[in-house]
There are 2 protein chains.
Amino acid sequence: MNYPGGIRKKQENTVISYKNRGMTLEAELNSSNLYYKEENIAYIYKKPTPIKLVQVDYHRNLIKEGYFEKPSTTDYNGIYKGKYIDFEAKETTSKTSFPLSNIHPHQIEHIRNIKDAGGISFLIVRFTKIDKTYYLTGEDFIDFLEKETRKSIPIHYFDEKGFILKNTFRPQIDYLKVVDKILEVK
Amino acid sequence: MNYPGGIRKKQENTVISYKNRGMTLEAELNSSNLYYKEENIAYIYKKPTPIKLVQVDYHRNLIKEGYFEKPSTTDYNGIYKGKYIDFEAKETTSKTSFPLSNIHPHQIEHIRNIKDAGGISFLIVRFTKIDKTYYLTGEDFIDFLEKETRKSIPIHYFDEKGFILKNTFRPQIDYLKVVDKILEVK
């Protein structure tokens with residue numbers, strides 16, 4: 001609607017919503033981890049992407065040539081309630097399934113190792129097109145790989161086995177609530 | 001000694017020694033962590049150094065300009081016997097003390113947080129000139145910082161509070177033996 005003087009009145013029916021407003025899953029998780037740290041709840045960090053250095057000017061602290069490498073572990077780890085926490089976070093544009101090509105074989109081996117060693121291991125997967133984010137335990141992820149030959153995990157598997165992570169205010173993604181539930185059962 | 005035909009007999013008095021033969025502490029720890037992983041004893045990794053990316057050619061996966069950043073956590077973390085393990089490893093050329101300038105304020109805060117959260121936190125410090133490597137608990141490290149105003153930790157503090165890490169064959173530095181001792185007491 002146009003007003004006199006060309007002023008366009010701002011829309012007033014703004015609904016406060018904490019759902020994903022274009023922020024990447026990574027940014028939301030980093031912000032959540034910062035919240036957990038500041039509140040002394042947990043200390044969980046994203047590992048930097050490994051880089052193969054080819055040409056470095058150490059005097060200037062400058063990398064002139066380097067290449068991104070595939071990580072051999074998951075991206076996030078840390079400590080919560082004395083427990084070792086370890087997870088990978090991925091976004092997919094698919095509306096129906098999560099392509100397993102998103103997780104490298106080394107990462108699968110790592111998830112299996114951490115789960116077997118008694119760590120709290122999981123995936124956080126966001127289906128961006130339908131704005132749904134799931135927590136899937138390492139156990140259920142490995143279980144799928146062992147029982148199925150499909151190259152992607154259908155969304156109904158997430159609905160059946162996973163936990164929905166809704167966006168909240170602080171932290172933006174309170175995935176440790178799911179860890180609490182899992183610790184209760186263990 | 002020269003032999004007929006110009007053949008030089010190999011020295012036979014080789015003593016098998018596993019002490020540090022020019023390998024860096026980092027290389028020895030990486031090799032030890034690989035051993036722990038292969039034997040399914042522990043899953044402990046060095047985090048990549050964080051890099052500030054300035055110019056990247058994503059089509060070629062190529063970093064054209066980047067700068068090393070100071071890490072805000074320690075370099076190594078992982079899981080052992082279900083426990084969260086977290087440590088920093090440093091070499092010093094000093095023969096008498098370990099300069100605290102080696103550990104950034106963010107790392108000190110991190111060590112304090114991990115210790116308070118019930119993680120197994122420690123430093124591994126090598127005095128390269130005298131070839132001595134110590135394990136110092138996060139508790140004793142923070143204790144020193146709180147009681148002392150010195151800008152370096154004298155080696156006698158390591159002798160008094162720390163544990164000597166001798167070089168062995170496999171793994172090269174068996175620091176989890178010290179963790180075992182500490183877990184027994186806890």
# chains A, B, ... in the order shown; residues from 1 in each chain; ligands from 1
$ residues_around --residues "region 126-143 of chain A" --least-positions-apart "2" --cutoff "6 Å" --atoms "only C-alpha atoms" --output "list in words"
Glu91, Thr92, Thr93, Ser121, Phe122, Leu123, Ile124, Leu145, Glu146, Gly162, Phe163, Ile164 and Leu165 of chain A
$ residues_around --residues "Gly78 (chain B)" --least-positions-apart "5" --cutoff "10 Å" --atoms "only C-alpha atoms" --output "PDB file with all heavy atoms, in the first residue's frame"
ATOM      1  N   ASN A  77      32.966 -31.562  17.951  1.00  0.00           N
ATOM      2  CA  ASN A  77      33.097 -32.411  19.127  1.00  0.00           C
ATOM      3  C   ASN A  77      33.362 -31.577  20.368  1.00  0.00           C
ATOM      4  O   ASN A  77      33.658 -30.385  20.284  1.00  0.00           O
ATOM      5  CB  ASN A  77      34.128 -33.524  18.915  1.00  0.00           C
ATOM      6  CG  ASN A  77      35.557 -33.045  18.996  1.00  0.00           C
ATOM      7  OD1 ASN A  77      35.835 -31.856  19.093  1.00  0.00           O
ATOM      8  ND2 ASN A  77      36.483 -33.988  18.945  1.00  0.00           N
ATOM      9  N   GLY A  78      33.191 -32.233  21.519  1.00  0.00           N
ATOM     10  CA  GLY A  78      33.379 -31.514  22.771  1.00  0.00           C
ATOM     11  C   GLY A  78      32.866 -32.304  23.949  1.00  0.00           C
ATOM     12  O   GLY A  78      32.738 -33.533  23.873  1.00  0.00           O
ATOM     13  N   ILE A  79      32.561 -31.589  25.024  1.00  0.00           N
ATOM     14  CA  ILE A  79      32.172 -32.245  26.273  1.00  0.00           C
ATOM     15  C   ILE A  79      30.873 -31.652  26.829  1.00  0.00           C
ATOM     16  O   ILE A  79      30.663 -30.429  26.784  1.00  0.00           O
ATOM     17  CB  ILE A  79      33.322 -32.138  27.316  1.00  0.00           C
ATOM     18  CG1 ILE A  79      32.999 -32.879  28.629  1.00  0.00           C
ATOM     19  CG2 ILE A  79      33.710 -30.691  27.581  1.00  0.00           C
ATOM     20  CD1 ILE A  79      34.178 -33.014  29.577  1.00  0.00           C
ATOM     21  N   TYR A  84      31.700 -37.332  26.232  1.00  0.00           N
ATOM     22  CA  TYR A  84      32.263 -36.952  24.942  1.00  0.00           C
ATOM     23  C   TYR A  84      31.140 -36.877  23.896  1.00  0.00           C
ATOM     24  O   TYR A  84      30.400 -37.831  23.688  1.00  0.00           O
ATOM     25  CB  TYR A  84      33.313 -37.981  24.501  1.00  0.00           C
ATOM     26  CG  TYR A  84      33.898 -37.669  23.145  1.00  0.00           C
ATOM     27  CD1 TYR A  84      34.864 -36.682  22.996  1.00  0.00           C
ATOM     28  CD2 TYR A  84      33.478 -38.347  22.014  1.00  0.00           C
ATOM     29  CE1 TYR A  84      35.392 -36.384  21.755  1.00  0.00           C
ATOM     30  CE2 TYR A  84      34.008 -38.050  20.758  1.00  0.00           C
ATOM     31  CZ  TYR A  84      34.961 -37.071  20.646  1.00  0.00           C
ATOM     32  OH  TYR A  84      35.481 -36.762  19.417  1.00  0.00           O
ATOM     33  N   ILE A  85      31.034 -35.722  23.257  1.00  0.00           N
ATOM     34  CA  ILE A  85      29.997 -35.429  22.255  1.00  0.00           C
ATOM     35  C   ILE A  85      30.663 -35.324  20.890  1.00  0.00           C
ATOM     36  O   ILE A  85      31.729 -34.697  20.789  1.00  0.00           O
ATOM     37  CB  ILE A  85      29.324 -34.063  22.563  1.00  0.00           C
ATOM     38  CG1 ILE A  85      28.727 -34.030  23.966  1.00  0.00           C
ATOM     39  CG2 ILE A  85      28.301 -33.664  21.499  1.00  0.00           C
ATOM     40  CD1 ILE A  85      27.512 -34.888  24.160  1.00  0.00           C
ATOM     41  N   ASP A  86      30.063 -35.882  19.865  1.00  0.00           N
ATOM     42  CA  ASP A  86      30.696 -35.909  18.548  1.00  0.00           C
ATOM     43  C   ASP A  86      29.609 -35.980  17.479  1.00  0.00           C
ATOM     44  O   ASP A  86      28.795 -36.901  17.477  1.00  0.00           O
ATOM     45  CB  ASP A  86      31.582 -37.172  18.489  1.00  0.00           C
ATOM     46  CG  ASP A  86      32.488 -37.199  17.280  1.00  0.00           C
ATOM     47  OD1 ASP A  86      31.973 -37.296  16.158  1.00  0.00           O
ATOM     48  OD2 ASP A  86      33.714 -37.140  17.477  1.00  0.00           O
ATOM     49  N   ILE A 114      33.302 -43.937  17.538  1.00  0.00           N
ATOM     50  CA  ILE A 114      32.910 -43.099  18.682  1.00  0.00           C
ATOM     51  C   ILE A 114      31.733 -43.738  19.420  1.00  0.00           C
ATOM     52  O   ILE A 114      31.720 -43.804  20.655  1.00  0.00           O
ATOM     53  CB  ILE A 114      32.543 -41.672  18.200  1.00  0.00           C
ATOM     54  CG1 ILE A 114      33.763 -40.979  17.592  1.00  0.00           C
ATOM     55  CG2 ILE A 114      31.955 -40.840  19.348  1.00  0.00           C
ATOM     56  CD1 ILE A 114      35.021 -41.000  18.425  1.00  0.00           C
ATOM     57  N   GLY A 119      30.967 -42.854  23.259  1.00  0.00           N
ATOM     58  CA  GLY A 119      30.703 -41.426  23.071  1.00  0.00           C
ATOM     59  C   GLY A 119      29.270 -41.182  22.627  1.00  0.00           C
ATOM     60  O   GLY A 119      28.581 -42.107  22.195  1.00  0.00           O
TER      61      GLY A 119
ATOM     62  N   ASN B  33      48.711 -41.338  18.272  1.00  0.00           N
ATOM     63  CA  ASN B  33      47.246 -41.306  18.146  1.00  0.00           C
ATOM     64  C   ASN B  33      46.758 -42.270  17.065  1.00  0.00           C
ATOM     65  O   ASN B  33      45.702 -42.887  17.217  1.00  0.00           O
ATOM     66  CB  ASN B  33      46.773 -39.883  17.860  1.00  0.00           C
ATOM     67  CG  ASN B  33      46.909 -38.994  19.084  1.00  0.00           C
ATOM     68  OD1 ASN B  33      47.000 -39.489  20.207  1.00  0.00           O
ATOM     69  ND2 ASN B  33      46.945 -37.686  18.882  1.00  0.00           N
ATOM     70  N   ALA B  42      41.827 -45.621  21.698  1.00  0.00           N
ATOM     71  CA  ALA B  42      41.319 -44.254  21.884  1.00  0.00           C
ATOM     72  C   ALA B  42      41.200 -43.588  20.522  1.00  0.00           C
ATOM     73  O   ALA B  42      41.863 -43.998  19.561  1.00  0.00           O
ATOM     74  CB  ALA B  42      42.273 -43.455  22.762  1.00  0.00           C
ATOM     75  N   TYR B  43      40.353 -42.580  20.440  1.00  0.00           N
ATOM     76  CA  TYR B  43      40.189 -41.818  19.198  1.00  0.00           C
ATOM     77  C   TYR B  43      40.479 -40.363  19.517  1.00  0.00           C
ATOM     78  O   TYR B  43      39.615 -39.651  20.032  1.00  0.00           O
ATOM     79  CB  TYR B  43      38.793 -42.030  18.619  1.00  0.00           C
ATOM     80  CG  TYR B  43      38.534 -43.505  18.424  1.00  0.00           C
ATOM     81  CD1 TYR B  43      37.826 -44.233  19.367  1.00  0.00           C
ATOM     82  CD2 TYR B  43      39.110 -44.183  17.346  1.00  0.00           C
ATOM     83  CE1 TYR B  43      37.660 -45.605  19.226  1.00  0.00           C
ATOM     84  CE2 TYR B  43      38.952 -45.548  17.197  1.00  0.00           C
ATOM     85  CZ  TYR B  43      38.229 -46.258  18.143  1.00  0.00           C
ATOM     86  OH  TYR B  43      38.086 -47.616  18.019  1.00  0.00           O
ATOM     87  N   ILE B  44      41.724 -39.997  19.281  1.00  0.00           N
ATOM     88  CA  ILE B  44      42.192 -38.652  19.625  1.00  0.00           C
ATOM     89  C   ILE B  44      42.853 -38.063  18.384  1.00  0.00           C
ATOM     90  O   ILE B  44      43.687 -38.703  17.739  1.00  0.00           O
ATOM     91  CB  ILE B  44      43.164 -38.707  20.832  1.00  0.00           C
ATOM     92  CG1 ILE B  44      42.417 -39.248  22.064  1.00  0.00           C
ATOM     93  CG2 ILE B  44      43.776 -37.342  21.108  1.00  0.00           C
ATOM     94  CD1 ILE B  44      43.305 -39.734  23.172  1.00  0.00           C
ATOM     95  N   TYR B  45      42.456 -36.841  18.044  1.00  0.00           N
ATOM     96  CA  TYR B  45      42.946 -36.210  16.818  1.00  0.00           C
ATOM     97  C   TYR B  45      43.478 -34.812  17.107  1.00  0.00           C
ATOM     98  O   TYR B  45      43.026 -34.146  18.034  1.00  0.00           O
ATOM     99  CB  TYR B  45      41.809 -36.083  15.801  1.00  0.00           C
ATOM    100  CG  TYR B  45      41.311 -37.408  15.279  1.00  0.00           C
ATOM    101  CD1 TYR B  45      40.312 -38.116  15.941  1.00  0.00           C
ATOM    102  CD2 TYR B  45      41.855 -37.952  14.114  1.00  0.00           C
ATOM    103  CE1 TYR B  45      39.865 -39.341  15.455  1.00  0.00           C
ATOM    104  CE2 TYR B  45      41.411 -39.173  13.623  1.00  0.00           C
ATOM    105  CZ  TYR B  45      40.411 -39.864  14.298  1.00  0.00           C
ATOM    106  OH  TYR B  45      39.977 -41.069  13.821  1.00  0.00           O
ATOM    107  N   LYS B  46      44.398 -34.395  16.256  1.00  0.00           N
ATOM    108  CA  LYS B  46      44.857 -33.009  16.283  1.00  0.00           C
ATOM    109  C   LYS B  46      43.890 -32.198  15.423  1.00  0.00           C
ATOM    110  O   LYS B  46      43.566 -32.591  14.304  1.00  0.00           O
ATOM    111  CB  LYS B  46      46.262 -32.898  15.712  1.00  0.00           C
ATOM    112  CG  LYS B  46      46.800 -31.479  15.765  1.00  0.00           C
ATOM    113  CD  LYS B  46      48.258 -31.395  15.400  1.00  0.00           C
ATOM    114  CE  LYS B  46      48.806 -30.028  15.743  1.00  0.00           C
ATOM    115  NZ  LYS B  46      48.248 -28.939  14.927  1.00  0.00           N
ATOM    116  N   LYS B  83      35.883 -41.342  28.297  1.00  0.00           N
ATOM    117  CA  LYS B  83      36.166 -40.019  28.868  1.00  0.00           C
ATOM    118  C   LYS B  83      36.577 -39.023  27.783  1.00  0.00           C
ATOM    119  O   LYS B  83      37.263 -39.387  26.821  1.00  0.00           O
ATOM    120  CB  LYS B  83      37.333 -40.098  29.874  1.00  0.00           C
ATOM    121  CG  LYS B  83      37.115 -41.058  31.021  1.00  0.00           C
ATOM    122  CD  LYS B  83      36.254 -40.429  32.069  1.00  0.00           C
ATOM    123  CE  LYS B  83      36.032 -41.396  33.218  1.00  0.00           C
ATOM    124  NZ  LYS B  83      35.048 -40.887  34.172  1.00  0.00           N
ATOM    125  N   TYR B  84      36.228 -37.788  28.006  1.00  0.00           N
ATOM    126  CA  TYR B  84      36.660 -36.714  27.110  1.00  0.00           C
ATOM    127  C   TYR B  84      38.104 -36.319  27.444  1.00  0.00           C
ATOM    128  O   TYR B  84      38.415 -35.980  28.587  1.00  0.00           O
ATOM    129  CB  TYR B  84      35.735 -35.498  27.249  1.00  0.00           C
ATOM    130  CG  TYR B  84      36.168 -34.338  26.389  1.00  0.00           C
ATOM    131  CD1 TYR B  84      35.901 -34.332  25.024  1.00  0.00           C
ATOM    132  CD2 TYR B  84      36.856 -33.261  26.929  1.00  0.00           C
ATOM    133  CE1 TYR B  84      36.308 -33.280  24.228  1.00  0.00           C
ATOM    134  CE2 TYR B  84      37.263 -32.201  26.136  1.00  0.00           C
ATOM    135  CZ  TYR B  84      36.987 -32.216  24.784  1.00  0.00           C
ATOM    136  OH  TYR B  84      37.401 -31.178  24.000  1.00  0.00           O
ATOM    137  N   ILE B  85      38.967 -36.399  26.437  1.00  0.00           N
ATOM    138  CA  ILE B  85      40.404 -36.114  26.557  1.00  0.00           C
ATOM    139  C   ILE B  85      40.694 -34.815  25.805  1.00  0.00           C
ATOM    140  O   ILE B  85      40.185 -34.645  24.695  1.00  0.00           O
ATOM    141  CB  ILE B  85      41.229 -37.245  25.900  1.00  0.00           C
ATOM    142  CG1 ILE B  85      40.901 -38.609  26.527  1.00  0.00           C
ATOM    143  CG2 ILE B  85      42.725 -36.945  25.927  1.00  0.00           C
ATOM    144  CD1 ILE B  85      41.403 -38.806  27.916  1.00  0.00           C
ATOM    145  N   ASP B  86      41.504 -33.947  26.373  1.00  0.00           N
ATOM    146  CA  ASP B  86      41.755 -32.639  25.769  1.00  0.00           C
ATOM    147  C   ASP B  86      43.127 -32.142  26.195  1.00  0.00           C
ATOM    148  O   ASP B  86      43.391 -32.015  27.382  1.00  0.00           O
ATOM    149  CB  ASP B  86      40.666 -31.677  26.273  1.00  0.00           C
ATOM    150  CG  ASP B  86      40.647 -30.354  25.542  1.00  0.00           C
ATOM    151  OD1 ASP B  86      41.613 -29.599  25.670  1.00  0.00           O
ATOM    152  OD2 ASP B  86      39.645 -30.093  24.849  1.00  0.00           O
ATOM    153  N   PHE B  87      44.010 -31.909  25.231  1.00  0.00           N
ATOM    154  CA  PHE B  87      45.334 -31.418  25.636  1.00  0.00           C
ATOM    155  C   PHE B  87      46.012 -30.543  24.589  1.00  0.00           C
ATOM    156  O   PHE B  87      45.620 -30.501  23.432  1.00  0.00           O
ATOM    157  CB  PHE B  87      46.261 -32.574  26.041  1.00  0.00           C
ATOM    158  CG  PHE B  87      46.673 -33.498  24.934  1.00  0.00           C
ATOM    159  CD1 PHE B  87      47.882 -33.341  24.277  1.00  0.00           C
ATOM    160  CD2 PHE B  87      45.855 -34.554  24.557  1.00  0.00           C
ATOM    161  CE1 PHE B  87      48.276 -34.215  23.265  1.00  0.00           C
ATOM    162  CE2 PHE B  87      46.237 -35.434  23.545  1.00  0.00           C
ATOM    163  CZ  PHE B  87      47.453 -35.261  22.900  1.00  0.00           C
ATOM    164  N   ILE B 120      39.340 -34.818  30.958  1.00  0.00           N
ATOM    165  CA  ILE B 120      40.749 -35.102  31.273  1.00  0.00           C
ATOM    166  C   ILE B 120      41.578 -34.104  30.466  1.00  0.00           C
ATOM    167  O   ILE B 120      41.750 -34.258  29.264  1.00  0.00           O
ATOM    168  CB  ILE B 120      41.142 -36.545  30.884  1.00  0.00           C
ATOM    169  CG1 ILE B 120      40.177 -37.572  31.487  1.00  0.00           C
ATOM    170  CG2 ILE B 120      42.595 -36.844  31.240  1.00  0.00           C
ATOM    171  CD1 ILE B 120      40.336 -37.795  32.951  1.00  0.00           C
TER     172      ILE B 120
END
$ closest_residue --among "B:Glu184, B:Asp116, B:Glu88, B:Glu65" --to "Leu29 (chain B)" --atoms "only C-alpha atoms"
B:Glu88
$ closest_atom_pairs --of "chain A" --to "chain B" --cutoff "6 Å" --atoms "only C-alpha atoms" --output "CSV"
residue,atom,partner,partner_atom,distance
A:Pro48,CA,B:Pro50,CA,5.4
A:Pro50,CA,B:Pro48,CA,5.4
A:Asn61,CA,B:Tyr67,CA,5.8
A:Leu62,CA,B:Tyr67,CA,4.9
A:Ile63,CA,B:Gly66,CA,4.9
A:Lys64,CA,B:Glu65,CA,5.2
A:Glu65,CA,B:Lys64,CA,5.2
A:Gly66,CA,B:Ile63,CA,4.9
A:Tyr67,CA,B:Leu62,CA,4.9
A:Gly82,CA,B:Gly118,CA,5.1
A:Tyr84,CA,B:Tyr84,CA,4.9
A:Ala117,CA,B:Gly82,CA,5.9
A:Gly118,CA,B:Gly82,CA,5.0
$ select_by_dssp --residues "chain B" --states "strand (DSSP E)" --output "ChimeraX atom specification"
/B:42-46,51-57,62-68,76-80,83-92,97-99,120-127,132-137,152-154,163-164
$ closest_residue --among "A:Ile173, A:Leu100, A:Val178, A:Ile153" --to "Thr24 (chain A)" --atoms "only C-alpha atoms"
A:Ile173
$ select_by_dssp --residues "chain A" --states "alpha helix (DSSP H)" --output "NGL selection string"
:A and (25-38 or 105-116 or 138-147 or 155-161 or 176-185)
$ write_last_selection --atoms "N, CA and C atoms" --output "short mmCIF file (atom, residue, chain, number, x, y, z; two decimals), in the first residue's frame"
data_model
loop_
_atom_site.label_atom_id
_atom_site.label_comp_id
_atom_site.auth_asym_id
_atom_site.auth_seq_id
_atom_site.Cartn_x
_atom_site.Cartn_y
_atom_site.Cartn_z
N LEU A 25 22.71 -23.85 8.67
CA LEU A 25 22.74 -24.75 9.82
C LEU A 25 24.04 -24.55 10.60
N GLU A 26 25.15 -24.41 9.88
CA GLU A 26 26.45 -24.23 10.54
C GLU A 26 26.46 -22.98 11.42
N ALA A 27 25.95 -21.88 10.88
CA ALA A 27 25.93 -20.63 11.65
C ALA A 27 25.07 -20.79 12.90
N GLU A 28 23.94 -21.47 12.75
CA GLU A 28 23.04 -21.67 13.90
C GLU A 28 23.68 -22.57 14.96
N LEU A 29 24.40 -23.58 14.51
CA LEU A 29 25.06 -24.47 15.46
C LEU A 29 26.21 -23.76 16.16
N ASN A 30 26.96 -22.95 15.41
CA ASN A 30 28.05 -22.20 16.04
C ASN A 30 27.50 -21.25 17.08
N SER A 31 26.41 -20.60 16.77
CA SER A 31 25.80 -19.68 17.73
C SER A 31 25.26 -20.45 18.94
N SER A 32 24.69 -21.63 18.71
CA SER A 32 24.21 -22.44 19.83
C SER A 32 25.37 -22.89 20.71
N ASN A 33 26.47 -23.28 20.09
CA ASN A 33 27.63 -23.72 20.85
C ASN A 33 28.23 -22.58 21.66
N LEU A 34 28.18 -21.37 21.11
CA LEU A 34 28.66 -20.20 21.84
C LEU A 34 27.78 -19.97 23.07
N TYR A 35 26.48 -20.11 22.88
CA TYR A 35 25.54 -19.99 24.01
C TYR A 35 25.85 -21.03 25.08
N TYR A 36 26.00 -22.28 24.67
CA TYR A 36 26.30 -23.35 25.63
C TYR A 36 27.59 -23.03 26.40
N LYS A 37 28.59 -22.51 25.69
CA LYS A 37 29.88 -22.19 26.31
C LYS A 37 29.72 -21.04 27.31
N GLU A 38 29.03 -19.99 26.88
CA GLU A 38 28.89 -18.82 27.75
C GLU A 38 28.09 -19.14 29.01
N PRO A 105 33.43 -42.04 3.69
CA PRO A 105 33.69 -43.32 4.37
C PRO A 105 34.50 -43.17 5.67
N HIS A 106 35.49 -42.28 5.69
CA HIS A 106 36.27 -42.07 6.92
C HIS A 106 35.41 -41.55 8.05
N GLN A 107 34.45 -40.73 7.68
CA GLN A 107 33.56 -40.17 8.70
C GLN A 107 32.62 -41.24 9.24
N ILE A 108 32.19 -42.13 8.36
CA ILE A 108 31.33 -43.25 8.80
C ILE A 108 32.10 -44.13 9.79
N GLU A 109 33.36 -44.43 9.44
CA GLU A 109 34.19 -45.23 10.33
C GLU A 109 34.35 -44.52 11.68
N HIS A 110 34.56 -43.20 11.61
CA HIS A 110 34.71 -42.41 12.84
C HIS A 110 33.44 -42.49 13.71
N ILE A 111 32.29 -42.33 13.09
CA ILE A 111 31.01 -42.37 13.83
C ILE A 111 30.85 -43.73 14.51
N ARG A 112 31.21 -44.78 13.79
CA ARG A 112 31.13 -46.14 14.35
C ARG A 112 32.08 -46.28 15.55
N ASN A 113 33.30 -45.77 15.38
CA ASN A 113 34.29 -45.85 16.46
C ASN A 113 33.82 -45.13 17.73
N ILE A 114 33.30 -43.94 17.54
CA ILE A 114 32.91 -43.10 18.68
C ILE A 114 31.73 -43.74 19.42
N LYS A 115 30.79 -44.23 18.67
CA LYS A 115 29.63 -44.93 19.23
C LYS A 115 30.11 -46.15 20.03
N ASP A 116 31.00 -46.95 19.44
CA ASP A 116 31.50 -48.15 20.12
C ASP A 116 32.33 -47.80 21.36
N GLY A 138 24.03 -41.86 16.23
CA GLY A 138 25.03 -42.64 15.52
C GLY A 138 24.60 -44.09 15.39
N GLU A 139 23.95 -44.61 16.43
CA GLU A 139 23.49 -46.00 16.42
C GLU A 139 22.48 -46.23 15.29
N ASP A 140 21.50 -45.34 15.18
CA ASP A 140 20.48 -45.50 14.14
C ASP A 140 21.05 -45.26 12.75
N PHE A 141 22.04 -44.38 12.67
CA PHE A 141 22.69 -44.13 11.38
C PHE A 141 23.45 -45.38 10.92
N ILE A 142 24.27 -45.94 11.80
CA ILE A 142 25.06 -47.14 11.45
C ILE A 142 24.12 -48.32 11.18
N ASP A 143 23.07 -48.41 11.98
CA ASP A 143 22.08 -49.47 11.81
C ASP A 143 21.48 -49.43 10.40
N PHE A 144 21.16 -48.23 9.93
CA PHE A 144 20.62 -48.09 8.57
C PHE A 144 21.62 -48.60 7.54
N LEU A 145 22.89 -48.18 7.69
CA LEU A 145 23.93 -48.58 6.73
C LEU A 145 24.12 -50.09 6.69
N GLU A 146 23.97 -50.72 7.85
CA GLU A 146 24.19 -52.17 7.92
C GLU A 146 23.02 -52.95 7.35
N LYS A 147 21.81 -52.39 7.46
CA LYS A 147 20.63 -53.14 7.03
C LYS A 147 20.17 -52.80 5.62
N ILE A 155 13.36 -39.81 4.24
CA ILE A 155 12.97 -38.92 5.33
C ILE A 155 12.09 -39.65 6.35
N HIS A 156 11.35 -40.68 5.91
CA HIS A 156 10.49 -41.38 6.88
C HIS A 156 11.33 -42.11 7.95
N TYR A 157 12.60 -42.44 7.60
CA TYR A 157 13.50 -43.05 8.59
C TYR A 157 13.84 -42.03 9.68
N PHE A 158 14.03 -40.77 9.25
CA PHE A 158 14.28 -39.69 10.23
C PHE A 158 13.04 -39.47 11.09
N ASP A 159 11.85 -39.53 10.44
CA ASP A 159 10.60 -39.33 11.20
C ASP A 159 10.40 -40.44 12.23
N GLU A 160 10.80 -41.64 11.82
CA GLU A 160 10.58 -42.80 12.67
C GLU A 160 11.61 -42.90 13.80
N LYS A 161 12.89 -42.71 13.46
CA LYS A 161 13.98 -42.94 14.41
C LYS A 161 14.55 -41.66 15.02
N LEU A 176 21.16 -30.28 22.70
CA LEU A 176 21.54 -30.99 23.94
C LEU A 176 20.31 -31.48 24.71
N LYS A 177 19.14 -30.92 24.40
CA LYS A 177 17.90 -31.45 24.99
C LYS A 177 17.69 -32.90 24.56
N VAL A 178 18.01 -33.18 23.32
CA VAL A 178 17.89 -34.56 22.82
C VAL A 178 18.93 -35.44 23.49
N VAL A 179 20.15 -34.90 23.66
CA VAL A 179 21.20 -35.66 24.36
C VAL A 179 20.71 -36.00 25.77
N ASP A 180 20.06 -35.05 26.43
CA ASP A 180 19.50 -35.31 27.78
C ASP A 180 18.55 -36.50 27.77
N LYS A 181 17.64 -36.50 26.79
CA LYS A 181 16.68 -37.61 26.67
C LYS A 181 17.40 -38.94 26.52
N ILE A 182 18.44 -38.93 25.67
CA ILE A 182 19.18 -40.16 25.39
C ILE A 182 19.95 -40.62 26.63
N LEU A 183 20.50 -39.65 27.38
CA LEU A 183 21.25 -40.00 28.60
C LEU A 183 20.33 -40.58 29.67
N GLU A 184 19.08 -40.11 29.69
CA GLU A 184 18.09 -40.63 30.65
C GLU A 184 17.85 -42.12 30.44
N VAL A 185 17.76 -42.49 29.14
CA VAL A 185 17.45 -43.88 28.79
C VAL A 185 18.65 -44.79 29.03
#
$ atom_distance --atom1 "CA of Met23 (chain A)" --atom2 "CA of Thr74 (chain B)"
28.1 Å
$ atom_distance --atom1 "CA of Glu39 (chain A)" --atom2 "CA of Lys186 (chain B)"
26.1 Å
$ atom_distance --atom1 "CA of Ala89 (chain A)" --atom2 "CA of Thr149 (chain A)"
22.3 Å
